[in-house]
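Visitor: Sharing target.pdb (PDB, C-alpha atoms and all ligand atoms) below.
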ATOM      1  CA  MET M  19       8.734 -22.524  -8.417  1.00  0.00           C
ATOM      2  CA  ALA M  20      10.721 -23.971  -5.571  1.00  0.00           C
ATOM      3  CA  GLU M  21      10.992 -20.729  -3.673  1.00  0.00           C
ATOM      4  CA  ARG M  22      10.775 -21.119   0.034  1.00  0.00           C
ATOM      5  CA  ALA M  23      10.040 -17.551   0.928  1.00  0.00           C
ATOM      6  CA  GLY M  24       6.655 -17.076   2.571  1.00  0.00           C
ATOM      7  CA  PRO M  25       3.714 -15.312   1.016  1.00  0.00           C
ATOM      8  CA  GLU M  26       4.647 -12.646  -1.491  1.00  0.00           C
ATOM      9  CA  ARG M  27       2.837  -9.441  -2.254  1.00  0.00           C
ATOM     10  CA  THR M  28       3.173  -6.996  -5.123  1.00  0.00           C
ATOM     11  CA  CYS M  29       3.950  -3.360  -4.435  1.00  0.00           C
ATOM     12  CA  VAL M  30       1.331  -1.056  -5.964  1.00  0.00           C
ATOM     13  CA  GLY M  31       4.097   1.417  -6.781  1.00  0.00           C
ATOM     14  CA  CYS M  32       7.000  -0.371  -8.450  1.00  0.00           C
ATOM     15  CA  ARG M  33       5.019  -3.602  -9.102  1.00  0.00           C
ATOM     16  CA  ARG M  34       7.880  -5.682  -7.738  1.00  0.00           C
ATOM     17  CA  LYS M  35       7.127  -8.594  -5.484  1.00  0.00           C
ATOM     18  CA  GLY M  36       8.464  -8.938  -2.024  1.00  0.00           C
ATOM     19  CA  PRO M  37       7.880 -10.987   1.100  1.00  0.00           C
ATOM     20  CA  LYS M  38       4.777  -9.810   2.896  1.00  0.00           C
ATOM     21  CA  GLY M  39       6.769  -8.407   5.815  1.00  0.00           C
ATOM     22  CA  SER M  40       8.784  -6.054   3.621  1.00  0.00           C
ATOM     23  CA  LEU M  41       5.708  -4.208   2.408  1.00  0.00           C
ATOM     24  CA  LEU M  42       3.249  -1.998   4.282  1.00  0.00           C
ATOM     25  CA  ARG M  43      -0.365  -3.085   4.079  1.00  0.00           C
ATOM     26  CA  VAL M  44      -2.882  -0.340   3.381  1.00  0.00           C
ATOM     27  CA  VAL M  45      -6.674  -0.608   3.492  1.00  0.00           C
ATOM     28  CA  ALA M  46      -9.460   1.707   2.378  1.00  0.00           C
ATOM     29  CA  SER M  47     -11.799   3.116   4.984  1.00  0.00           C
ATOM     30  CA  PRO M  48     -15.503   3.422   4.113  1.00  0.00           C
ATOM     31  CA  ASP M  49     -15.084   7.164   3.580  1.00  0.00           C
ATOM     32  CA  GLY M  50     -12.382   6.728   0.961  1.00  0.00           C
ATOM     33  CA  GLU M  51      -9.315   7.287   3.088  1.00  0.00           C
ATOM     34  CA  LEU M  52      -6.244   5.102   2.901  1.00  0.00           C
ATOM     35  CA  VAL M  53      -5.287   3.677   6.258  1.00  0.00           C
ATOM     36  CA  PRO M  54      -1.925   2.059   6.976  1.00  0.00           C
ATOM     37  CA  ASP M  55      -2.426  -1.365   8.519  1.00  0.00           C
ATOM     38  CA  PRO M  56       1.063  -2.391   9.598  1.00  0.00           C
ATOM     39  CA  ARG M  57      -0.204  -5.271  11.722  1.00  0.00           C
ATOM     40  CA  ALA M  58      -2.433  -6.547   8.932  1.00  0.00           C
ATOM     41  CA  SER M  59      -5.286  -6.736  11.410  1.00  0.00           C
ATOM     42  CA  THR M  60      -8.005  -5.159   9.258  1.00  0.00           C
ATOM     43  CA  PRO M  61     -10.092  -7.621   7.282  1.00  0.00           C
ATOM     44  CA  GLY M  62     -10.900  -7.110   3.631  1.00  0.00           C
ATOM     45  CA  ARG M  63      -8.866  -6.148   0.633  1.00  0.00           C
ATOM     46  CA  GLY M  64      -5.435  -4.752   1.206  1.00  0.00           C
ATOM     47  CA  ALA M  65      -2.880  -3.082  -0.994  1.00  0.00           C
ATOM     48  CA  TYR M  66       0.821  -3.357  -0.339  1.00  0.00           C
ATOM     49  CA  VAL M  67       3.491  -0.752  -0.853  1.00  0.00           C
ATOM     50  CA  HIS M  68       7.179  -0.510  -0.071  1.00  0.00           C
ATOM     51  CA  GLY M  69       8.132   2.066   2.537  1.00  0.00           C
ATOM     52  CA  ARG M  70       9.893   4.109  -0.094  1.00  0.00           C
ATOM     53  CA  SER M  71       8.909   7.533  -1.401  1.00  0.00           C
ATOM     54  CA  GLU M  72       9.420   6.426  -5.018  1.00  0.00           C
ATOM     55  CA  CYS M  73       6.874   3.648  -4.642  1.00  0.00           C
ATOM     56  CA  VAL M  74       4.271   5.884  -3.016  1.00  0.00           C
ATOM     57  CA  GLU M  75       4.819   8.569  -5.656  1.00  0.00           C
ATOM     58  CA  LEU M  76       4.312   5.981  -8.393  1.00  0.00           C
ATOM     59  CA  ALA M  77       1.136   4.815  -6.692  1.00  0.00           C
ATOM     60  CA  ILE M  78      -0.116   8.412  -6.569  1.00  0.00           C
ATOM     61  CA  GLU M  79       0.681   8.929 -10.256  1.00  0.00           C
ATOM     62  CA  LYS M  80      -0.946   5.717 -11.422  1.00  0.00           C
ATOM     63  CA  ALA M  81      -3.895   5.734  -9.003  1.00  0.00           C
ATOM     64  CA  SER M  82      -2.825   2.226  -8.085  1.00  0.00           C
ATOM     65  CA  PHE M  83      -4.488   2.078  -4.688  1.00  0.00           C
ATOM     66  CA  ALA M  84      -7.928   2.700  -6.156  1.00  0.00           C
ATOM     67  CA  ARG M  85      -7.412  -0.081  -8.676  1.00  0.00           C
ATOM     68  CA  GLN M  86      -5.976  -2.556  -6.211  1.00  0.00           C
ATOM     69  CA  LEU M  87      -8.570  -1.890  -3.524  1.00  0.00           C
ATOM     70  CA  ARG M  88     -11.465  -1.534  -5.981  1.00  0.00           C
ATOM     71  CA  ALA M  89     -12.487   1.546  -4.089  1.00  0.00           C
ATOM     72  CA  SER M  90     -13.008   5.158  -4.878  1.00  0.00           C
ATOM     73  CA  ILE M  91      -9.733   6.621  -3.660  1.00  0.00           C
ATOM     74  CA  GLY M  92      -8.879  10.135  -4.729  1.00  0.00           C
ATOM     75  CA  ARG M  93      -5.412  11.470  -5.372  1.00  0.00           C
ATOM     76  CA  ASP M  94      -5.737  13.598  -2.240  1.00  0.00           C
ATOM     77  CA  ALA M  95      -6.294  10.519  -0.106  1.00  0.00           C
ATOM     78  CA  THR M  96      -3.116   8.980  -1.485  1.00  0.00           C
ATOM     79  CA  VAL M  97      -1.174  12.149  -0.764  1.00  0.00           C
ATOM     80  CA  ARG M  98      -2.549  12.080   2.789  1.00  0.00           C
ATOM     81  CA  LEU M  99      -1.432   8.463   3.097  1.00  0.00           C
ATOM     82  CA  ARG M 100       2.071   9.518   2.091  1.00  0.00           C
ATOM     83  CA  ASP M 101       2.066  12.192   4.789  1.00  0.00           C
ATOM     84  CA  ARG M 102       0.765   9.705   7.331  1.00  0.00           C
ATOM     85  CA  MET M 103       3.465   7.183   6.405  1.00  0.00           C
ATOM     86  CA  ARG M 104       6.065   9.909   6.847  1.00  0.00           C
ATOM     87  CA  SER M 105       4.801  10.776  10.294  1.00  0.00           C
ATOM     88  CA  MET M 106       4.732   7.071  11.229  1.00  0.00           C
ATOM     89  CA  GLY M 107       8.356   6.794  10.162  1.00  0.00           C
ATOM     90  CA  ALA M 108       7.340   4.325   7.452  1.00  0.00           C
ATOM     91  CA  LEU M 109       8.877   6.437   4.703  1.00  0.00           C
TER
HETATM   92 ZN    ZN M 201       7.741  -0.736  -4.459  1.00  0.00          ZN
END
Take the structure in the file and give it back as structure tokens.
Guide:
Amino acid sequence: MAERAGPERTCVGCRRKGPKGSLLRVVASPDGELVPDPRASTPGRGAYVHGRSECVELAIEKASFARQLRASIGRDATVRLRDRMRSMGAL
């Protein structure tokens, strides 16, 4: 209860909590794509994931982004997010 760490977020992959800054924020675009939002500048619901392949793979397997974002997010969109995170150097 007496933790002094700032706001915590839960990773959609491993379900572990971490300080906001240790997780990458991801938002859903209107066309059902997952968009990394590293600066947390996009309003609306966000999902958070660790920059680790295991976490993204788990999120793909469990369709966690769709659930967290309450949006229609296909598996393909999550795979594309993984590729995008790789090219950003976030994985
Ligand atoms: Zn994780």
Visitor: For Pro61 of chain M, find every residue with an atom within 12 Å (counting only C-alpha atoms), except residues of its own chain fewer than 6 positions away, and show them as a list in words.
Guide: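 So the residues in contact are Arg43, Val44, Val45, Ala46, Ser47 and Asp55 of chain M.
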Visitor: List all protein, DNA and RNA residues that have any atom at most 6 Å from ligand ZN 201 (chain M), counting only C-alpha atoms and all ligand atoms, and write the list as a short mmCIF file (atom, residue, chain, number, x, y, z; two decimals) with C-alpha atoms, keeping the file's coordinate frame.
Guide:
data_model
loop_
_atom_site.label_atom_id
_atom_site.label_comp_id
_atom_site.auth_asym_id
_atom_site.auth_seq_id
_atom_site.Cartn_x
_atom_site.Cartn_y
_atom_site.Cartn_z
CA CYS M 29 3.95 -3.36 -4.43
CA GLY M 31 4.10 1.42 -6.78
CA CYS M 32 7.00 -0.37 -8.45
CA ARG M 34 7.88 -5.68 -7.74
CA VAL M 67 3.49 -0.75 -0.85
CA HIS M 68 7.18 -0.51 -0.07
CA CYS M 73 6.87 3.65 -4.64
#
Visitor: Which residues fall under the PyMOL selection byres (((chain M and resi 48) around 12) and not hetatm) in this file, as a list in words?
Guide: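 For this structure, the PyMOL selection byres (((chain M and resi 48) around 12) and not hetatm) captures Val45, Ala46, Ser47, Asp49, Gly50, Glu51, Leu52, Val53, Gly62, Leu87, Arg88, Ala89, Ser90 and Ile91 of chain M.
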Visitor: Could you list the residues chosen by the PyMOL selection byres (((chain M and resi 77) around 9) and not hetatm) in this structure as a list in words?
Guide: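 On the file shown, the PyMOL selection byres (((chain M and resi 77) around 9) and not hetatm) covers Cys29, Val30, Gly31, Cys32, Val67, Glu72, Cys73, Val74, Glu75, Leu76, Ile78, Glu79, Lys80, Ala81, Ser82, Phe83 and Thr96 of chain M.
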Visitor: Using all atoms listed in the file, which of M:Arg63, M:Arg104, M:Arg57, M:Lys35 sits nearest Ala84 of chain M?
Guide: M:Arg63
Visitor: Of the residues M:Arg27, M:Arg93, M:Arg33, M:Arg100, which is the one nearest to Tyr66 of chain M, using all atoms listed in the file?
Guide: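 Result for the nearest residue to Tyr66 of chain M: M:Arg27.
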Visitor: With 6 Å on each side, where is the centre of the axis-aligned box around all listed atoms of segment 94-99 of chain M, and how long are its edges in Å to one decimal, as lines of an AutoDock Vina configuration file?
Guide:
center_x = -3.7
center_y = 11.0
center_z = 0.4
size_x = 17.1
size_y = 17.1
size_z = 17.3
Visitor: Can you tell me how far atom CA of Pro56 of chain M sits from atom CA of Gly92 of chain M, in Å to one decimal?
Guide: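 That distance, rounded to one decimal, is 21.5 Å.
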Visitor: So how far away is atom CA of Arg98 of chain M from atom CA of Thr60 of chain M, in Å?
Guide: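 Spanning atom CA of Thr60 of chain M to atom CA of Arg98 of chain M is a straight-line distance of 19.2 Å.
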Visitor: Please determine, counting all atoms listed in the file, which residue among M:Pro54, M:Lys38, M:Arg70, M:Arg85 has the shortest atom-to-atom distance to Arg102 of chain M.
Guide: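 When distances to Arg102 of chain M are compared using all atoms listed in the file, the smallest one comes from M:Pro54.
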Visitor: I'd like the interatomic distance between atom CA of Glu26 of chain M and atom CA of Met106 of chain M, to a tenth of an Å.
Guide: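 One can read the atom CA of Glu26 of chain M to atom CA of Met106 of chain M distance as 23.5 Å.
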Visitor: Taking the block above, write segment 73-95 of chain M with N, CA and C atoms as a JSON list (two decimals), in the first residue's frame.
Guide:
[["chain", "number", "residue", "atom", "x", "y", "z"],
["M", 73, "CYS", "N", 6.42, -11.02, -24.24],
["M", 73, "CYS", "CA", 5.18, -10.35, -23.85],
["M", 73, "CYS", "C", 4.30, -10.11, -25.06],
["M", 74, "VAL", "N", 4.91, -9.70, -26.18],
["M", 74, "VAL", "CA", 4.12, -9.45, -27.38],
["M", 74, "VAL", "C", 3.57, -10.77, -27.92],
["M", 75, "GLU", "N", 4.37, -11.82, -27.86],
["M", 75, "GLU", "CA", 3.88, -13.13, -28.32],
["M", 75, "GLU", "C", 2.69, -13.59, -27.49],
["M", 76, "LEU", "N", 2.78, -13.40, -26.18],
["M", 76, "LEU", "CA", 1.67, -13.76, -25.30],
["M", 76, "LEU", "C", 0.42, -12.96, -25.65],
["M", 77, "ALA", "N", 0.63, -11.68, -25.93],
["M", 77, "ALA", "CA", -0.50, -10.82, -26.28],
["M", 77, "ALA", "C", -1.13, -11.27, -27.59],
["M", 78, "ILE", "N", -0.31, -11.74, -28.53],
["M", 78, "ILE", "CA", -0.84, -12.25, -29.80],
["M", 78, "ILE", "C", -1.67, -13.50, -29.52],
["M", 79, "GLU", "N", -1.10, -14.41, -28.74],
["M", 79, "GLU", "CA", -1.77, -15.67, -28.44],
["M", 79, "GLU", "C", -3.11, -15.48, -27.76],
["M", 80, "LYS", "N", -3.14, -14.54, -26.81],
["M", 80, "LYS", "CA", -4.34, -14.39, -25.97],
["M", 80, "LYS", "C", -5.27, -13.28, -26.46],
["M", 81, "ALA", "N", -4.94, -12.68, -27.60],
["M", 81, "ALA", "CA", -5.75, -11.58, -28.13],
["M", 81, "ALA", "C", -5.99, -10.50, -27.07],
["M", 82, "SER", "N", -4.94, -10.22, -26.32],
["M", 82, "SER", "CA", -5.07, -9.32, -25.17],
["M", 82, "SER", "C", -5.31, -7.87, -25.56],
["M", 83, "PHE", "N", -4.77, -7.46, -26.70],
["M", 83, "PHE", "CA", -4.95, -6.05, -27.07],
["M", 83, "PHE", "C", -6.42, -5.76, -27.36],
["M", 84, "ALA", "N", -7.06, -6.67, -28.06],
["M", 84, "ALA", "CA", -8.49, -6.48, -28.37],
["M", 84, "ALA", "C", -9.29, -6.33, -27.09],
["M", 85, "ARG", "N", -9.00, -7.18, -26.12],
["M", 85, "ARG", "CA", -9.75, -7.15, -24.87],
["M", 85, "ARG", "C", -9.48, -5.85, -24.12],
["M", 86, "GLN", "N", -8.20, -5.51, -24.01],
["M", 86, "GLN", "CA", -7.83, -4.33, -23.23],
["M", 86, "GLN", "C", -8.36, -3.05, -23.89],
["M", 87, "LEU", "N", -8.31, -3.00, -25.20],
["M", 87, "LEU", "CA", -8.69, -1.76, -25.89],
["M", 87, "LEU", "C", -10.17, -1.75, -26.27],
["M", 88, "ARG", "N", -10.85, -2.86, -25.99],
["M", 88, "ARG", "CA", -12.27, -3.00, -26.36],
["M", 88, "ARG", "C", -12.48, -2.61, -27.82],
["M", 89, "ALA", "N", -11.62, -3.14, -28.64],
["M", 89, "ALA", "CA", -11.68, -2.83, -30.07],
["M", 89, "ALA", "C", -11.52, -4.11, -30.84],
["M", 90, "SER", "N", -11.92, -4.05, -32.08],
["M", 90, "SER", "CA", -11.80, -5.21, -32.94],
["M", 90, "SER", "C", -10.40, -5.22, -33.54],
["M", 91, "ILE", "N", -9.53, -5.97, -32.91],
["M", 91, "ILE", "CA", -8.13, -6.03, -33.33],
["M", 91, "ILE", "C", -7.83, -7.46, -33.74],
["M", 92, "GLY", "N", -7.51, -7.65, -34.98],
["M", 92, "GLY", "CA", -7.21, -9.01, -35.46],
["M", 92, "GLY", "C", -5.80, -9.44, -35.07],
["M", 93, "ARG", "N", -5.58, -10.74, -35.17],
["M", 93, "ARG", "CA", -4.26, -11.29, -34.92],
["M", 93, "ARG", "C", -3.22, -10.64, -35.84],
["M", 94, "ASP", "N", -3.60, -10.45, -37.09],
["M", 94, "ASP", "CA", -2.67, -9.85, -38.05],
["M", 94, "ASP", "C", -2.19, -8.48, -37.60],
["M", 95, "ALA", "N", -3.12, -7.70, -37.04],
["M", 95, "ALA", "CA", -2.75, -6.36, -36.59],
["M", 95, "ALA", "C", -1.74, -6.45, -35.45]]
